[in-house]
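Below is one structure, written out as structure tokens, with a few remarks after it.
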Protein chains: 2
Amino acid sequence: MRLTTRGRYAVTAMLDLAIHGDKGPISLADISDRQEISLSYLEQLFAKLRQQELVSSVRGPGGGYRLSRCSDDINVAEIIDAVNESIDATSCNGKGNCHKGDICLTHHLWGDLSRQIHRFLSGITLDSLVHQHELQLVSLQQGGQVDFSAACE
Amino acid sequence: MRLTTRGRYAVTAMLDLAIHGDKGPISLADISDRQEISLSYLEQLFAKLRQQELVSSVRGPGGGYRLSRCSDDINVAEIIDAVNESIDATSCNGKGNCHKGDICLTHHLWGDLSRQIHRFLSGITLDSLVHQHELQLVSLQQGGQVDFSAACE
DNA sequence: ATTTACTTGACTAAAAAAGTAGGTTTTTGC
DNA sequence: GCAAAAACCTACTTTTTTAGTCAAGTAAAT
């Protein structure tokens, strides 16, 4: 699990799809305009998103991309994983080639933490992000407070 | 909030301190040996950790580093933030220089997500990681299953 | 005084991120 | 059939970050 601007771009683009996808396929040019991400960079990202079957494409005029699953069935972790090569595992992964017991100790601790983060991000769906934002918008218009607890599930 | 091997090194090193710190200050050379991180790289990381007052140093023979606070008062988020330059903010941060309402939309969504991740990592202390691992060790020796739910808070 | 260990800064190589360029297919509508 | 719009593909360049090296210090304890 790696967290950089690359993953942020991917999540942002997927959010754009989730928001505008109801109007049929969305072209990368549209996303590029709206989100200010270079078209060719988007192409690279979407090649990977397509490989992982997070999006499907429609070619030709009027074509573009759409989410291949419902937005409440796509979570943030899989988007980030799709565009980032998975982080290199610890050097002594189960092989037991560590001098003392101490070495693997913190390696495993890091692994645990990594898994916790992954599990956390797996619980956040595109849909919940969009939904949460909509609630905020409404609230702003009414000048009220946002109840975040209700926004997620 | 950025998540790379750099932050992982920092967390690993801090965990090493948390585990061995009871025997007085720990030298970077020790950490380097145990965790297989190059000494000079550790020096860079610890310079930043010291700036953020996460560790304090003791010079001279027998010297080294120790946690400047109790391990249950140091969380993972601040360790990662200490060694990573904070990720560049969105281009239109409140200035309202975005063409349509749409542009800032996903930017804010990403900001929300980013904050959620940060909040999550803020809740994980060094102590809880060490503690969790100790429980696992005991369990392995007894051949039993680990109750993760009990390990954290 | 000497050893040990941290401090600082400059430097380098390699990898990843980000962006560019130019082309090829596929599909649609005229 | 043809032109345009879009995905798709490949190779390349630039910039930034990561990871590490080197060297000349400074400070503290024995």
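By order in the structure tokens, chains are A, B, ...; within a chain, residues start at 1; ligands start at 1, following the order shown.
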Find the residues of chain A in contact range of chain D, meaning any atom within 10 Å when counting only C-alpha atoms (C1' of nucleotides), and list them as a ChimeraX atom specification. /A:27-29,43-44,47,57-65
For chain A against chain B, which residues fall within 8 Å using only C-alpha atoms, given as a short mmCIF file (atom, residue, chain, number, x, y, z; two decimals) with all heavy atoms, in the first residue's frame?
data_model
loop_
_atom_site.label_atom_id
_atom_site.label_comp_id
_atom_site.auth_asym_id
_atom_site.auth_seq_id
_atom_site.Cartn_x
_atom_site.Cartn_y
_atom_site.Cartn_z
N MET A 1 0.85 -1.19 0.00
CA MET A 1 0.00 0.00 0.00
C MET A 1 0.88 1.24 0.00
O MET A 1 1.61 1.50 0.94
CB MET A 1 -0.87 0.00 1.25
CG MET A 1 -1.89 1.12 1.30
SD MET A 1 -3.46 0.61 0.67
CE MET A 1 -3.50 1.39 -0.92
N ARG A 2 0.81 1.98 -1.07
CA ARG A 2 1.60 3.19 -1.20
C ARG A 2 0.62 4.33 -1.41
O ARG A 2 -0.43 4.15 -2.01
CB ARG A 2 2.52 3.03 -2.42
CG ARG A 2 3.57 4.07 -2.56
CD ARG A 2 4.43 3.79 -3.75
NE ARG A 2 5.00 2.43 -3.72
CZ ARG A 2 6.01 2.07 -4.50
NH1 ARG A 2 6.51 2.90 -5.37
NH2 ARG A 2 6.49 0.84 -4.42
N LEU A 3 0.98 5.50 -0.91
CA LEU A 3 0.03 6.59 -0.98
C LEU A 3 0.74 7.84 -1.50
O LEU A 3 1.48 8.48 -0.77
CB LEU A 3 -0.55 6.85 0.41
CG LEU A 3 -1.96 7.42 0.47
CD1 LEU A 3 -2.92 6.56 -0.31
CD2 LEU A 3 -2.39 7.54 1.90
N THR A 4 0.54 8.12 -2.79
CA THR A 4 1.20 9.28 -3.40
C THR A 4 0.20 10.05 -4.25
O THR A 4 -0.98 9.71 -4.31
CB THR A 4 2.35 8.84 -4.30
OG1 THR A 4 1.82 8.05 -5.35
CG2 THR A 4 3.36 8.02 -3.52
N THR A 5 0.69 11.06 -4.95
CA THR A 5 -0.18 11.84 -5.82
C THR A 5 -0.75 10.96 -6.93
O THR A 5 -1.84 11.23 -7.43
CB THR A 5 0.58 12.99 -6.47
OG1 THR A 5 1.78 12.50 -7.04
CG2 THR A 5 0.91 14.06 -5.47
N ARG A 8 -3.79 9.53 -5.74
CA ARG A 8 -4.75 10.61 -5.59
C ARG A 8 -5.39 10.95 -6.92
O ARG A 8 -6.60 11.13 -7.02
CB ARG A 8 -4.05 11.84 -5.02
CG ARG A 8 -4.88 13.07 -5.03
CD ARG A 8 -4.12 14.27 -4.50
NE ARG A 8 -4.30 15.45 -5.30
CZ ARG A 8 -3.62 16.58 -5.12
NH1 ARG A 8 -2.70 16.64 -4.18
NH2 ARG A 8 -3.84 17.61 -5.88
N VAL A 11 -7.90 8.20 -7.76
CA VAL A 11 -9.13 8.32 -6.97
C VAL A 11 -9.96 9.50 -7.47
O VAL A 11 -11.17 9.40 -7.65
CB VAL A 11 -8.83 8.48 -5.47
CG1 VAL A 11 -10.09 8.79 -4.69
CG2 VAL A 11 -8.16 7.23 -4.93
N THR A 12 -9.29 10.61 -7.72
CA THR A 12 -9.98 11.79 -8.22
C THR A 12 -10.70 11.50 -9.54
O THR A 12 -11.86 11.86 -9.72
CB THR A 12 -8.98 12.95 -8.42
OG1 THR A 12 -8.36 13.25 -7.17
CG2 THR A 12 -9.68 14.19 -8.94
N LEU A 15 -13.64 9.31 -9.00
CA LEU A 15 -14.73 10.09 -8.40
C LEU A 15 -15.45 10.89 -9.48
O LEU A 15 -16.68 11.00 -9.47
CB LEU A 15 -14.17 11.04 -7.34
CG LEU A 15 -13.92 10.43 -5.97
CD1 LEU A 15 -13.12 11.37 -5.09
CD2 LEU A 15 -15.24 10.10 -5.31
N ASP A 16 -14.68 11.42 -10.39
CA ASP A 16 -15.28 12.16 -11.50
C ASP A 16 -16.22 11.26 -12.29
O ASP A 16 -17.34 11.66 -12.64
CB ASP A 16 -14.16 12.71 -12.40
CG ASP A 16 -14.69 13.71 -13.41
OD1 ASP A 16 -15.24 13.27 -14.43
OD2 ASP A 16 -14.59 14.93 -13.17
N ARG A 34 -11.79 18.84 -16.43
CA ARG A 34 -12.39 19.12 -15.13
C ARG A 34 -11.38 19.01 -14.00
O ARG A 34 -11.34 19.85 -13.10
CB ARG A 34 -13.54 18.14 -14.88
CG ARG A 34 -14.87 18.59 -15.44
CD ARG A 34 -16.01 17.78 -14.83
NE ARG A 34 -15.94 16.38 -15.22
CZ ARG A 34 -16.65 15.84 -16.21
NH1 ARG A 34 -17.46 16.59 -16.92
NH2 ARG A 34 -16.55 14.56 -16.50
N GLN A 35 -10.55 17.99 -14.04
CA GLN A 35 -9.67 17.71 -12.89
C GLN A 35 -8.25 18.22 -13.11
O GLN A 35 -7.39 18.06 -12.23
CB GLN A 35 -9.64 16.22 -12.58
CG GLN A 35 -11.02 15.60 -12.43
CD GLN A 35 -11.87 16.28 -11.38
OE1 GLN A 35 -11.35 16.89 -10.46
NE2 GLN A 35 -13.19 16.21 -11.54
N ILE A 87 4.03 -2.33 -3.03
CA ILE A 87 5.27 -2.04 -2.32
C ILE A 87 6.05 -3.35 -2.11
O ILE A 87 5.46 -4.40 -1.90
CB ILE A 87 4.92 -1.36 -0.98
CG1 ILE A 87 5.96 -0.33 -0.64
CG2 ILE A 87 4.72 -2.37 0.11
CD1 ILE A 87 5.45 0.68 0.38
N ASP A 102 14.75 -10.66 16.65
CA ASP A 102 14.42 -9.25 16.67
C ASP A 102 14.15 -8.68 15.29
O ASP A 102 13.33 -7.79 15.13
CB ASP A 102 15.56 -8.44 17.30
CG ASP A 102 15.35 -8.31 18.80
OD1 ASP A 102 14.32 -8.83 19.27
OD2 ASP A 102 16.18 -7.70 19.47
N ILE A 103 14.88 -9.19 14.31
CA ILE A 103 14.80 -8.57 13.00
C ILE A 103 13.39 -8.65 12.41
O ILE A 103 12.83 -7.66 11.98
CB ILE A 103 15.81 -9.20 12.04
CG1 ILE A 103 17.22 -8.76 12.46
CG2 ILE A 103 15.54 -8.77 10.62
CD1 ILE A 103 18.29 -9.20 11.55
N LEU A 105 10.77 -9.04 13.86
CA LEU A 105 9.79 -8.44 14.76
C LEU A 105 9.17 -7.18 14.18
O LEU A 105 7.97 -7.13 13.92
CB LEU A 105 10.48 -8.13 16.08
CG LEU A 105 9.63 -7.78 17.27
CD1 LEU A 105 10.28 -8.32 18.54
CD2 LEU A 105 9.45 -6.30 17.39
N THR A 106 9.96 -6.17 13.98
CA THR A 106 9.37 -4.91 13.50
C THR A 106 8.89 -5.04 12.05
O THR A 106 7.99 -4.33 11.65
CB THR A 106 10.37 -3.75 13.63
OG1 THR A 106 11.61 -4.15 13.11
CG2 THR A 106 10.50 -3.33 15.07
N HIS A 107 9.52 -5.95 11.31
CA HIS A 107 9.02 -6.18 9.95
C HIS A 107 7.56 -6.60 10.00
O HIS A 107 6.73 -6.11 9.26
CB HIS A 107 9.85 -7.26 9.26
CG HIS A 107 11.14 -6.75 8.73
ND1 HIS A 107 11.85 -7.36 7.73
CD2 HIS A 107 11.85 -5.65 9.05
CE1 HIS A 107 12.94 -6.68 7.48
NE2 HIS A 107 12.97 -5.64 8.27
N LEU A 109 5.53 -6.10 12.45
CA LEU A 109 4.73 -5.00 12.97
C LEU A 109 4.34 -4.07 11.83
O LEU A 109 3.20 -3.63 11.72
CB LEU A 109 5.53 -4.22 14.01
CG LEU A 109 5.62 -4.87 15.38
CD1 LEU A 109 6.54 -4.07 16.28
CD2 LEU A 109 4.24 -4.96 15.99
N TRP A 110 5.28 -3.79 10.95
CA TRP A 110 4.97 -2.93 9.83
C TRP A 110 3.94 -3.58 8.92
O TRP A 110 3.03 -2.94 8.41
CB TRP A 110 6.21 -2.57 9.02
CG TRP A 110 5.81 -1.77 7.84
CD1 TRP A 110 5.69 -2.22 6.57
CD2 TRP A 110 5.43 -0.39 7.83
NE1 TRP A 110 5.25 -1.20 5.77
CE2 TRP A 110 5.08 -0.07 6.51
CE3 TRP A 110 5.35 0.59 8.82
CZ2 TRP A 110 4.65 1.20 6.16
CZ3 TRP A 110 4.93 1.85 8.46
CH2 TRP A 110 4.59 2.14 7.15
N LEU A 113 0.56 -3.09 10.40
CA LEU A 113 0.08 -1.72 10.22
C LEU A 113 -0.40 -1.54 8.79
O LEU A 113 -1.47 -0.98 8.53
CB LEU A 113 1.21 -0.74 10.51
CG LEU A 113 0.88 0.73 10.30
CD1 LEU A 113 -0.30 1.13 11.17
CD2 LEU A 113 2.09 1.59 10.59
N ILE A 117 -4.13 -0.37 7.46
CA ILE A 117 -4.42 0.76 6.58
C ILE A 117 -5.23 0.28 5.38
O ILE A 117 -6.21 0.90 4.97
CB ILE A 117 -3.11 1.42 6.10
CG1 ILE A 117 -2.37 2.02 7.28
CG2 ILE A 117 -3.39 2.47 5.04
CD1 ILE A 117 -0.98 2.49 6.94
N LEU A 121 -8.97 1.50 4.18
CA LEU A 121 -9.29 2.10 2.88
C LEU A 121 -10.26 1.22 2.09
O LEU A 121 -11.01 1.71 1.25
CB LEU A 121 -8.01 2.34 2.08
CG LEU A 121 -7.11 3.44 2.63
CD1 LEU A 121 -5.87 3.58 1.78
CD2 LEU A 121 -7.86 4.77 2.69
N LEU A 129 -17.99 8.48 -0.53
CA LEU A 129 -17.29 9.76 -0.67
C LEU A 129 -18.19 10.79 -1.36
O LEU A 129 -18.30 11.93 -0.93
CB LEU A 129 -16.00 9.59 -1.47
CG LEU A 129 -14.82 8.98 -0.71
CD1 LEU A 129 -13.65 8.74 -1.64
CD2 LEU A 129 -14.40 9.90 0.43
N VAL A 130 -18.83 10.35 -2.43
CA VAL A 130 -19.73 11.24 -3.16
C VAL A 130 -20.88 11.66 -2.27
O VAL A 130 -21.24 12.84 -2.17
CB VAL A 130 -20.28 10.56 -4.42
CG1 VAL A 130 -21.32 11.43 -5.09
CG2 VAL A 130 -19.15 10.24 -5.38
N HIS A 133 -20.04 14.10 0.41
CA HIS A 133 -19.86 15.44 -0.11
C HIS A 133 -21.18 16.13 -0.41
O HIS A 133 -21.35 17.32 -0.17
CB HIS A 133 -19.00 15.41 -1.37
CG HIS A 133 -18.68 16.76 -1.90
ND1 HIS A 133 -19.36 17.34 -2.93
CD2 HIS A 133 -17.76 17.67 -1.50
CE1 HIS A 133 -18.88 18.53 -3.15
NE2 HIS A 133 -17.90 18.77 -2.32
#
Using only C-alpha atoms (C1' of nucleotides), find each residue in chain C having at least one atom no more than 10 Å away from chain A; report its shortest atom-to-atom pair and that distance in Å (one decimal), rows by chain then rising number, as CSV.
residue,atom,partner,partner_atom,distance
C:DA17,C1',A:Arg6,CA,7.4
C:DA18,C1',A:Tyr41,CA,7.3
C:DG19,C1',A:Tyr41,CA,6.8
C:DT20,C1',A:Ser40,CA,8.0
C:DA21,C1',A:Ser40,CA,9.8
C:DT25,C1',A:Arg59,CA,9.5
C:DT26,C1',A:Gly60,CA,5.8
C:DT27,C1',A:Gly60,CA,4.0
C:DT28,C1',A:Pro61,CA,5.7
C:DG29,C1',A:Pro61,CA,9.1
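We find CA of Pro25 in chain B and CA of Gly7 in chain B to be spaced 22.0 Å apart.
Computed from the coordinates, the C1' of DG22 in chain C to CA of Ser56 in chain A distance equals 24.8 Å.
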Which residue of A:Val138, A:Ile26, A:His20, A:Lys48 approaches Ile80 in chain A most closely, using only C-alpha atoms: A:Lys48
Can you measure CA of Ile79 in chain A to CA of Gly24 in chain A for me? One decimal in Å is fine. 21.0 Å
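Within range 21-75 of chain A, DSSP run on the backbone puts these residues in strand (DSSP E or B): A:Ile26, A:Val55, A:Ser56, A:Ser57, A:Val58, A:Gly64, A:Tyr65, A:Arg66, A:Leu67, A:Asn75.
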Saved selection, atoms kept: N, CA, C and O atoms, as an mmCIF file, in the first residue's frame:
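Written output follows (again_28.cif):
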data_model
loop_
_atom_site.group_PDB
_atom_site.id
_atom_site.type_symbol
_atom_site.label_atom_id
_atom_site.label_comp_id
_atom_site.auth_asym_id
_atom_site.auth_seq_id
_atom_site.Cartn_x
_atom_site.Cartn_y
_atom_site.Cartn_z
ATOM 1 N N ILE A 26 -17.761 8.633 -20.127
ATOM 2 C CA ILE A 26 -17.062 9.903 -19.980
ATOM 3 C C ILE A 26 -15.695 9.799 -20.659
ATOM 4 O O ILE A 26 -14.953 8.856 -20.405
ATOM 5 N N VAL A 55 -12.782 -0.159 -14.547
ATOM 6 C CA VAL A 55 -13.537 0.616 -15.532
ATOM 7 C C VAL A 55 -13.637 -0.197 -16.814
ATOM 8 O O VAL A 55 -12.844 -1.105 -17.060
ATOM 9 N N SER A 56 -14.628 0.143 -17.630
ATOM 10 C CA SER A 56 -14.715 -0.464 -18.953
ATOM 11 C C SER A 56 -14.803 0.661 -19.963
ATOM 12 O O SER A 56 -15.246 1.763 -19.636
ATOM 13 N N SER A 57 -14.350 0.391 -21.179
ATOM 14 C CA SER A 57 -14.248 1.470 -22.156
ATOM 15 C C SER A 57 -15.204 1.272 -23.315
ATOM 16 O O SER A 57 -15.610 0.156 -23.625
ATOM 17 N N VAL A 58 -15.576 2.377 -23.912
ATOM 18 C CA VAL A 58 -16.389 2.363 -25.126
ATOM 19 C C VAL A 58 -15.633 3.186 -26.157
ATOM 20 O O VAL A 58 -15.325 4.347 -25.903
ATOM 21 N N GLY A 64 -15.930 6.535 -24.263
ATOM 22 C CA GLY A 64 -15.253 6.963 -23.048
ATOM 23 C C GLY A 64 -15.175 5.819 -22.064
ATOM 24 O O GLY A 64 -15.164 4.653 -22.466
ATOM 25 N N TYR A 65 -15.119 6.186 -20.797
ATOM 26 C CA TYR A 65 -15.030 5.168 -19.748
ATOM 27 C C TYR A 65 -16.243 5.239 -18.843
ATOM 28 O O TYR A 65 -16.839 6.302 -18.653
ATOM 29 N N ARG A 66 -16.563 4.104 -18.268
ATOM 30 C CA ARG A 66 -17.558 4.071 -17.204
ATOM 31 C C ARG A 66 -17.083 3.090 -16.139
ATOM 32 O O ARG A 66 -16.227 2.244 -16.407
ATOM 33 N N LEU A 67 -17.592 3.249 -14.939
ATOM 34 C CA LEU A 67 -17.262 2.309 -13.875
ATOM 35 C C LEU A 67 -17.787 0.940 -14.261
ATOM 36 O O LEU A 67 -18.904 0.823 -14.767
ATOM 37 N N ASN A 75 -14.013 0.291 -3.832
ATOM 38 C CA ASN A 75 -13.420 0.975 -2.695
ATOM 39 C C ASN A 75 -12.086 1.623 -3.051
ATOM 40 O O ASN A 75 -11.484 1.334 -4.086
#
